[in-house]
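Take a look at the structure set out below.
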Amino acid sequence: MADTFQDDALRNHGTLLGADELVLNMGPQHPSTHGVLRVKLKLDGERVRGTECVIGYLHRGVEKIAENRTYQQFAPYVDRMDYVAAVSNGLGYCEAVEKLLNVEAPPRARVIRTILTELQRIASHLLWLGTHALDIGALTPLFYCMREREEILKIFERYCGARLTTHAFRIGGLQYESYDGFEKDVERFCNDFERRIQEYVDLLTGNSIWIGRTRNVGVLNAADCIALGASGPILRAAGVKWDLRKAQPYAAYDQYKFEIPTGTNGDTFDRYMVRIEEMRQSRLICLQAIENIPEGAIMGKVGKVIKPPAGEIYHSIEAPKGILGYYVVSDGGTQPYRVRVRPPSFINLQALDKMVRGHLVADVVAIIGTLDIVLGEVDR
Amino acid sequence: MLDSILFYFFAGVAIVSAALMVTRRNAIHSAVFLITTLLATAGIFLQLGAEFLFIAQIILYVGGIMVLFIFVIMLVRLDVALHHLRFRMKNLVVILVIAVLGAEAGGIIYYARSLPGHGLFIEKMAQADKLAPNSEKLAQSLFHSYLLPFEIASVLLLVAMVGAVIMAKNKKGTEDS
Amino acid sequence: MNPTLHSLLQFLQTWWVELTCGVVIVAVVPLIAGYVVLVERKLMADMQARLGPMRVGPHGLLQPIADAVKLLIKEDIIPADSDKLIFWLAPVISMTAALTSMGAIAFGPSFQVARDINIGILFVLGVSSLGFLGIILGGWASNSHYSILGALRSTAQLVSYETAGGLAVISGLLLSGTLSISGIVAAQEKQGVWFIFLAPVAVFIYLVASIAETNRAPFDLPEAESELVAGYMTEYSGFRWALYFLGEYANMIVVGSIATTLFLGGWLRPFPNVHWLNWLDYIPAVAMLLLGVYSIYRAGKQPVKVQTGFMWAVALACFATAAVFAVPWFVATLKFVIPGLNGAFWFLLKVAAYIYVFMWLRFTLPRYRFDQLMHLGWYILIPLAIVNVFAVGIAMVLEALGWSRWLALVPTTIVTLAFAALLVRWHDRRTESASTASLAQDSYAG
């Protein structure tokens, strides 16, 4: 901490903090900020009176880079934003450009995309659950979640060769055909998974320590969520039944039956329950999808050179972290004029200040964890 | 023989620690040397066969009171306060007090030696290794003959505890204990 | 002969057992604590579906040695403005307190350093509580605002749970009637039952209190890496940190020994007075024999040669121990060793079981927040412990009036359990209804 907090406060706010207030810096390197996030907590004794997030430590200028790449060249960059759920990022971008081109991916591609995206949702939530539990002190769920996530990553690796930054989809459909045994792998995973979810629930849900650490911690009610633009499990835990998979169906979601779990309180415990339930619903979607993958082409009518007509499109999907939106502006050339990403983590992070006020310092870690942010997405 | 060695060891440690304690500039150092003094005294208790006093000294004095002292020293920035205190006659007062006390103690020891029984109240001391177990005897007298003072003392302690909690709560902004 | 030399020799002659035990404790216990760390890592790995340390030595057995060497050769970093004397002293106090308190613990009928002092349990409790000083001084010497806060918090937690633990110990002492360690075990032998069956609530309270006293999960907030306020150990690196760490694990062994002595029957075998179960006395030898056979069986299933060799070595060690246990049965002159050996086996087994429960809870439960921790200690555990002392006391009075011990203790235990259920329900209601924003009172003032 090179500058004192008084200097910092003077520079930023023009006023010195009150005599009783203390500014505690949760620095960019911290085991619990899930990335390079700097949070300045204004404390009054043990209670948090306000926060200030300093972001940008992972800014790589992705949106600017997009203006200098062709549409296909930009697709791998998109994975690096929310690197935990790369497949969803790819889905959003490819579908946005497909809309610009006025091309639809063939049904087979859409179904396989759905399966992979739902598997990615499960993987993202598993990672979230493991690290969140670890922050709160439960050491074991992390390893169980990693064990399950490993199975999903193996499926990805068999499908497209990569585990994390998959670049699984292409504009217009898929590049790779699903491999032999894809359905069997997914089915085996899904059959095993229900038992595993029960393990996590047994370990955590009824545990009075867990409940004590998460109930009424970081409450964000529905009105605040909507006002702040929070989306995803945060919004649903507050009671608002809004999921883009049902509200504005994309890919093949309109073909499957699944529930949208909601909570009541909007506290950390409800967000935990919502995400666990979402994992169950994703599993159901996968099971329904693999029963009936339509035959056919995997690539739509897209030429080698992608030159969408001039225009703009905003397309959003329900990523594991929230509503992920792509605003693509084309000027008729091979490179987009502008790609603007609506990152769910960035917008959810703005709710941190509201959620953390009045809580104790030890809760801040739990609240940052429950927001499920990925700094790659926040900073881009 | 072993007895004398141990006694001189404990006594020496006690005296040296006490001397160090009063001469340190750093309050925490003084507290640590006070702890050593108390532990040495506890050792002497053990030698005299008062094993309950020995362990009570360790649990209560060292483990309780000294911990409290150290808390206070840490939370009150004494080195800041010390800068404001300049008492110039300190050394003179110290020498005076040492002289007076030393003369008194020396006089007592010198004249007491000529009294029968070395001036002690009890002429024939009990053999340390033939004493009955300490804790039982202490407990019996505490709960039979001295029950009322015991109860009064516990009520006093309760009052002190409640008072401390109330005083700690009333202060605004004191959030760490 | 020179009189001083003569008296020195005489001193050694009378006290050689105690001196040897003392040297053994100081030399061996840190090593054992290191291996307890390895056992914890392997156990944690097993419960987390992975293998744990496997590289250093067969099955990771040399890992503690490697860790010790690494810590010893690390650079000794002392914070710039810290108090050098206190910085050096604090870990030493922590470790010394734990080791000294081991002196009074009896691992068998005649295995203790201090020959059965009258105040055995009180000595162990009192001296091990000197470790708190090590924590406070350590936090102070780090010269960082957050380290001091962490140390103060840790000490506050320790003091609170020490009260509850002490009250639980009192219940056990009421049942045994004496403070001396061998007296307590003799009382359990005379009554033919371990005190855990007579006062189960006391054992549970002591379990929770001892977990909090050794700063283990779920009460390890002062030590947690993912918390914001740095703990008292932050500025300590290298061997100083190792001293703290080993002190913590030695403390675990001490606390396990207290619980074993007081509640689990010390060095007695199960059902010590029942004569037709005397064949249980053969169990140590038979158990080690079976363990050796099992090791040989596993040796055949190992994929790698090194691990096969390791399992054979384990089998050899088991057979050697079995021989040590079994030979006195056959050699008449050695028969006097049997109670001691058997006793040590049962004692260590019970301490190991107790520590296993510690580790098990660490891997399963999340961490309490500090105010929840203090609330649990002061609002739930201490009232329950006080009620338990009352209950056991009433049971003793009833026994003096002529009731049998069992008849007196069962109703009082039920009353205590009912009170505990009430406390837990009140606590749950309070947690549900209180939202942290509306907690007006200062939750840190106990």
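By convention here, the chains of the structure tokens are called A, B, ... in the order presented, each chain's residues are numbered starting at 1, and ligands are numbered starting at 1 in the order presented.
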
Chain A contacts to chain C at 9 Å (only C-alpha atoms) as an MDAnalysis selection string: chainID A and resid 24:26 30:32 133:144 147 203:204 207:213 215:217 357:365

For those residues, write N, CA and C atoms to a file as a short mmCIF file (atom, residue, chain, number, x, y, z; two decimals), in the first residue's frame.
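Output file selection14.cif follows:
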data_model
loop_
_atom_site.label_atom_id
_atom_site.label_comp_id
_atom_site.auth_asym_id
_atom_site.auth_seq_id
_atom_site.Cartn_x
_atom_site.Cartn_y
_atom_site.Cartn_z
N LEU A 24 -9.73 -0.55 5.27
CA LEU A 24 -9.00 -1.80 5.18
C LEU A 24 -8.93 -2.20 3.73
N ASN A 25 -7.76 -2.53 3.28
CA ASN A 25 -7.57 -2.84 1.88
C ASN A 25 -7.51 -4.33 1.68
N MET A 26 -8.47 -4.85 0.92
CA MET A 26 -8.38 -6.25 0.56
C MET A 26 -7.73 -6.24 -0.81
N HIS A 30 -5.28 -11.66 -3.00
CA HIS A 30 -5.91 -12.13 -1.78
C HIS A 30 -6.54 -13.46 -2.10
N PRO A 31 -6.45 -14.42 -1.19
CA PRO A 31 -6.96 -15.74 -1.53
C PRO A 31 -8.45 -15.76 -1.82
N SER A 32 -9.18 -14.77 -1.37
CA SER A 32 -10.63 -14.90 -1.49
C SER A 32 -11.27 -13.97 -2.48
N ALA A 133 -17.41 -22.52 -0.61
CA ALA A 133 -17.34 -23.30 0.63
C ALA A 133 -15.96 -23.16 1.26
N LEU A 134 -14.93 -23.13 0.42
CA LEU A 134 -13.58 -23.00 0.95
C LEU A 134 -13.39 -21.66 1.66
N ASP A 135 -13.96 -20.60 1.08
CA ASP A 135 -13.85 -19.30 1.74
C ASP A 135 -14.51 -19.31 3.09
N ILE A 136 -15.63 -20.04 3.19
CA ILE A 136 -16.35 -20.06 4.46
C ILE A 136 -15.72 -21.06 5.41
N GLY A 137 -14.81 -21.88 4.93
CA GLY A 137 -14.08 -22.72 5.85
C GLY A 137 -14.27 -24.20 5.66
N ALA A 138 -15.22 -24.60 4.81
CA ALA A 138 -15.39 -26.02 4.58
C ALA A 138 -14.37 -26.47 3.56
N LEU A 139 -13.45 -27.33 3.98
CA LEU A 139 -12.34 -27.67 3.11
C LEU A 139 -12.70 -28.72 2.08
N THR A 140 -13.65 -29.58 2.43
CA THR A 140 -13.85 -30.76 1.60
C THR A 140 -14.67 -30.56 0.33
N PRO A 141 -15.73 -29.74 0.32
CA PRO A 141 -16.52 -29.68 -0.91
C PRO A 141 -15.72 -29.28 -2.13
N LEU A 142 -14.64 -28.50 -1.93
CA LEU A 142 -13.84 -28.10 -3.09
C LEU A 142 -13.36 -29.31 -3.86
N PHE A 143 -12.86 -30.30 -3.14
CA PHE A 143 -12.28 -31.45 -3.84
C PHE A 143 -13.35 -32.31 -4.47
N TYR A 144 -14.50 -32.41 -3.82
CA TYR A 144 -15.58 -33.17 -4.44
C TYR A 144 -16.04 -32.48 -5.71
N ARG A 147 -13.68 -32.94 -8.50
CA ARG A 147 -13.77 -34.29 -9.04
C ARG A 147 -14.85 -34.36 -10.11
N LEU A 203 -23.54 -32.27 3.02
CA LEU A 203 -22.45 -31.64 3.74
C LEU A 203 -22.80 -30.24 4.21
N LEU A 204 -23.55 -29.51 3.38
CA LEU A 204 -23.66 -28.09 3.64
C LEU A 204 -25.05 -27.62 4.04
N ASN A 207 -26.26 -27.90 7.62
CA ASN A 207 -25.23 -27.63 8.60
C ASN A 207 -25.49 -26.29 9.27
N SER A 208 -25.63 -26.28 10.59
CA SER A 208 -26.03 -25.03 11.24
C SER A 208 -24.93 -23.99 11.15
N ILE A 209 -23.68 -24.41 11.04
CA ILE A 209 -22.62 -23.43 10.87
C ILE A 209 -22.76 -22.76 9.51
N TRP A 210 -23.04 -23.57 8.48
CA TRP A 210 -23.21 -23.02 7.13
C TRP A 210 -24.39 -22.06 7.11
N ILE A 211 -25.48 -22.49 7.73
CA ILE A 211 -26.65 -21.62 7.75
C ILE A 211 -26.33 -20.34 8.50
N GLY A 212 -25.63 -20.46 9.60
CA GLY A 212 -25.28 -19.26 10.36
C GLY A 212 -24.40 -18.31 9.58
N ARG A 213 -23.55 -18.85 8.73
CA ARG A 213 -22.66 -17.99 7.95
C ARG A 213 -23.36 -17.42 6.72
N ARG A 215 -27.16 -17.36 6.13
CA ARG A 215 -28.51 -16.81 6.23
C ARG A 215 -28.46 -15.35 6.58
N ASN A 216 -29.26 -14.54 5.89
CA ASN A 216 -29.34 -13.11 6.18
C ASN A 216 -28.02 -12.40 5.98
N VAL A 217 -27.13 -13.02 5.23
CA VAL A 217 -25.86 -12.36 4.94
C VAL A 217 -25.90 -11.91 3.50
N ARG A 357 -22.93 -3.52 3.32
CA ARG A 357 -23.08 -2.51 4.37
C ARG A 357 -23.69 -3.10 5.61
N GLY A 358 -23.11 -2.79 6.74
CA GLY A 358 -23.65 -3.23 8.02
C GLY A 358 -23.19 -4.61 8.42
N HIS A 359 -22.49 -5.29 7.54
CA HIS A 359 -22.02 -6.62 7.91
C HIS A 359 -20.65 -6.55 8.55
N LEU A 360 -20.25 -7.68 9.11
CA LEU A 360 -18.94 -7.75 9.71
C LEU A 360 -17.89 -8.07 8.65
N VAL A 361 -16.66 -7.80 9.01
CA VAL A 361 -15.58 -7.99 8.06
C VAL A 361 -15.51 -9.44 7.58
N ALA A 362 -15.79 -10.35 8.50
CA ALA A 362 -15.68 -11.76 8.11
C ALA A 362 -16.73 -12.15 7.09
N ASP A 363 -17.82 -11.36 6.97
CA ASP A 363 -18.85 -11.70 5.99
C ASP A 363 -18.49 -11.24 4.60
N VAL A 364 -17.55 -10.27 4.51
CA VAL A 364 -17.25 -9.71 3.19
C VAL A 364 -16.77 -10.81 2.25
N VAL A 365 -15.98 -11.71 2.80
CA VAL A 365 -15.45 -12.79 1.98
C VAL A 365 -16.58 -13.66 1.46
#

Proximal residues of chain A relative to chain B (only C-alpha atoms; 9 Å) as a list in words: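 Taking only C-alpha atoms into account, Asp20, Asp44, Gly45, Glu46 and Arg47 of chain A sit within 9 Å of chain B.
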
Residue contacts of stretch 97-100 of chain C (6 Å, only C-alpha atoms) excluding same-chain residues fewer than 4 positions away, as a list in words: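 Near stretch 97-100 of chain C, the qualifying residues are Ile93, Val127, Ser128, Leu130, Gly131, Ala250 and Asn251 of chain C.
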
With C-alpha atoms retained, could you export that selection as a PDB file, in the first residue's frame?
ATOM      1  CA  ILE C  93       6.562 -20.025  25.343  1.00  0.00           C
ATOM      2  CA  VAL C 127       0.434 -25.110  32.418  1.00  0.00           C
ATOM      3  CA  SER C 128      -1.085 -25.719  29.010  1.00  0.00           C
ATOM      4  CA  LEU C 130       0.307 -20.680  29.605  1.00  0.00           C
ATOM      5  CA  GLY C 131       0.379 -21.167  25.864  1.00  0.00           C
ATOM      6  CA  ALA C 250       1.400 -30.931  20.944  1.00  0.00           C
ATOM      7  CA  ASN C 251      -1.474 -29.098  22.586  1.00  0.00           C
TER       8      ASN C 251
END

All residues 8 Å or closer to C:Ala385, only C-alpha atoms, same chain fewer than 3 positions away omitted, as an NGL selection string: :C and (164 or 167-168 or 202 or 205 or 381-382 or 388-389)

Every residue of stretch 202-231 of chain C that DSSP places in helix (DSSP H, G or I), as a PyMOL selection string: chain C and resi 202-213+221-223

Selection above as a file: C-alpha atoms, as a PDB file, in the first residue's frame:
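File written: part-v2.pdb
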ATOM      1  CA  ALA C 202     -19.407 -33.391  30.052  1.00  0.00           C
ATOM      2  CA  VAL C 203     -17.419 -35.236  27.407  1.00  0.00           C
ATOM      3  CA  PHE C 204     -19.240 -33.455  24.634  1.00  0.00           C
ATOM      4  CA  ILE C 205     -18.701 -30.063  26.250  1.00  0.00           C
ATOM      5  CA  TYR C 206     -15.053 -30.862  26.722  1.00  0.00           C
ATOM      6  CA  LEU C 207     -14.761 -31.975  23.120  1.00  0.00           C
ATOM      7  CA  VAL C 208     -16.131 -28.697  21.800  1.00  0.00           C
ATOM      8  CA  ALA C 209     -14.120 -26.649  24.286  1.00  0.00           C
ATOM      9  CA  SER C 210     -10.888 -28.446  23.445  1.00  0.00           C
ATOM     10  CA  ILE C 211     -11.430 -27.930  19.734  1.00  0.00           C
ATOM     11  CA  ALA C 212     -11.768 -24.225  20.402  1.00  0.00           C
ATOM     12  CA  GLU C 213      -8.802 -24.204  22.740  1.00  0.00           C
ATOM     13  CA  LEU C 221     -10.934 -18.050  12.404  1.00  0.00           C
ATOM     14  CA  PRO C 222      -7.797 -16.463  13.845  1.00  0.00           C
ATOM     15  CA  GLU C 223      -5.715 -18.799  11.726  1.00  0.00           C
TER      16      GLU C 223
END

All residues 7 Å or closer to A:Arg275, only C-alpha atoms, same chain fewer than 3 positions away omitted, as a list of chain:residue names: A:His125, A:Pro233, A:Arg271, A:Tyr272, A:Glu278, A:Met279

Nearby residues (only C-alpha atoms) at most 9 Å from stretch 10-13 of chain B, same-chain spacing under 5 positions excluded, as a VMD selection string: chain B and resid 5 18 36 to 37 39 to 44

With N, CA and C atoms retained, export the selected residues as a short mmCIF file (atom, residue, chain, number, x, y, z; two decimals), in the first residue's frame.
data_model
loop_
_atom_site.label_atom_id
_atom_site.label_comp_id
_atom_site.auth_asym_id
_atom_site.auth_seq_id
_atom_site.Cartn_x
_atom_site.Cartn_y
_atom_site.Cartn_z
N ILE B 5 19.59 -26.29 46.13
CA ILE B 5 19.90 -25.82 44.77
C ILE B 5 18.65 -25.25 44.13
N ALA B 18 12.61 -9.67 39.11
CA ALA B 18 11.97 -8.50 39.70
C ALA B 18 12.80 -7.25 39.42
N THR B 36 7.95 -14.10 34.81
CA THR B 36 9.03 -14.97 35.28
C THR B 36 9.11 -14.95 36.79
N THR B 37 8.96 -13.75 37.36
CA THR B 37 9.00 -13.66 38.81
C THR B 37 7.91 -14.50 39.44
N LEU B 39 6.36 -17.04 38.18
CA LEU B 39 6.61 -18.47 38.01
C LEU B 39 7.64 -18.97 39.00
N ALA B 40 8.68 -18.15 39.25
CA ALA B 40 9.70 -18.57 40.22
C ALA B 40 9.10 -18.67 41.61
N THR B 41 8.24 -17.69 41.94
CA THR B 41 7.59 -17.76 43.25
C THR B 41 6.73 -19.01 43.37
N ALA B 42 6.06 -19.32 42.26
CA ALA B 42 5.25 -20.54 42.27
C ALA B 42 6.12 -21.76 42.54
N GLY B 43 7.33 -21.74 41.97
CA GLY B 43 8.24 -22.85 42.23
C GLY B 43 8.59 -22.97 43.71
N ILE B 44 8.75 -21.81 44.34
CA ILE B 44 9.07 -21.86 45.77
C ILE B 44 7.87 -22.42 46.55
#

Atom pair atom CA of C:Val387 / atom CA of C:Val415: separation (Å):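 So the two atoms, atom CA of C:Val387 and atom CA of C:Val415, lie 9.0 Å apart.
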
Every residue of stretch 25-271 of chain A that DSSP places in strand (DSSP E), as a PyMOL selection string: chain A and resi 25-26+38-44+47-54+169-170+173-174

For the selection you just gave me, I'd like the residues written to a file as a CSV table (one decimal), in the first residue's frame, keeping C-alpha atoms.
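Everything below was put into again-v2.csv:
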chain,number,residue,atom,x,y,z
A,25,ASN,CA,-7.6,-2.8,1.9
A,26,MET,CA,-8.4,-6.2,0.6
A,38,ARG,CA,-9.1,-4.7,-4.9
A,39,VAL,CA,-11.8,-3.9,-2.4
A,40,LYS,CA,-11.3,-1.0,-0.1
A,41,LEU,CA,-13.5,-1.5,3.0
A,42,LYS,CA,-14.5,1.5,5.1
A,43,LEU,CA,-14.8,0.0,8.6
A,44,ASP,CA,-16.3,1.3,11.7
A,47,ARG,CA,-18.8,-3.3,10.7
A,48,VAL,CA,-18.4,-2.3,7.1
A,49,ARG,CA,-19.8,1.1,6.3
A,50,GLY,CA,-19.0,1.2,2.6
A,51,THR,CA,-16.8,-0.3,0.0
A,52,GLU,CA,-15.0,0.8,-3.1
A,53,CYS,CA,-13.9,-1.7,-5.7
A,54,VAL,CA,-10.9,-1.0,-7.7
A,169,PHE,CA,-18.6,-23.3,-31.3
A,170,ARG,CA,-18.2,-21.6,-34.7
A,173,GLY,CA,-22.8,-24.0,-36.1
A,174,LEU,CA,-20.1,-26.3,-34.9

Which residue of B:Met21, B:Ala27, B:Met74, B:Leu148 approaches chain C most closely, using only C-alpha atoms: B:Met74
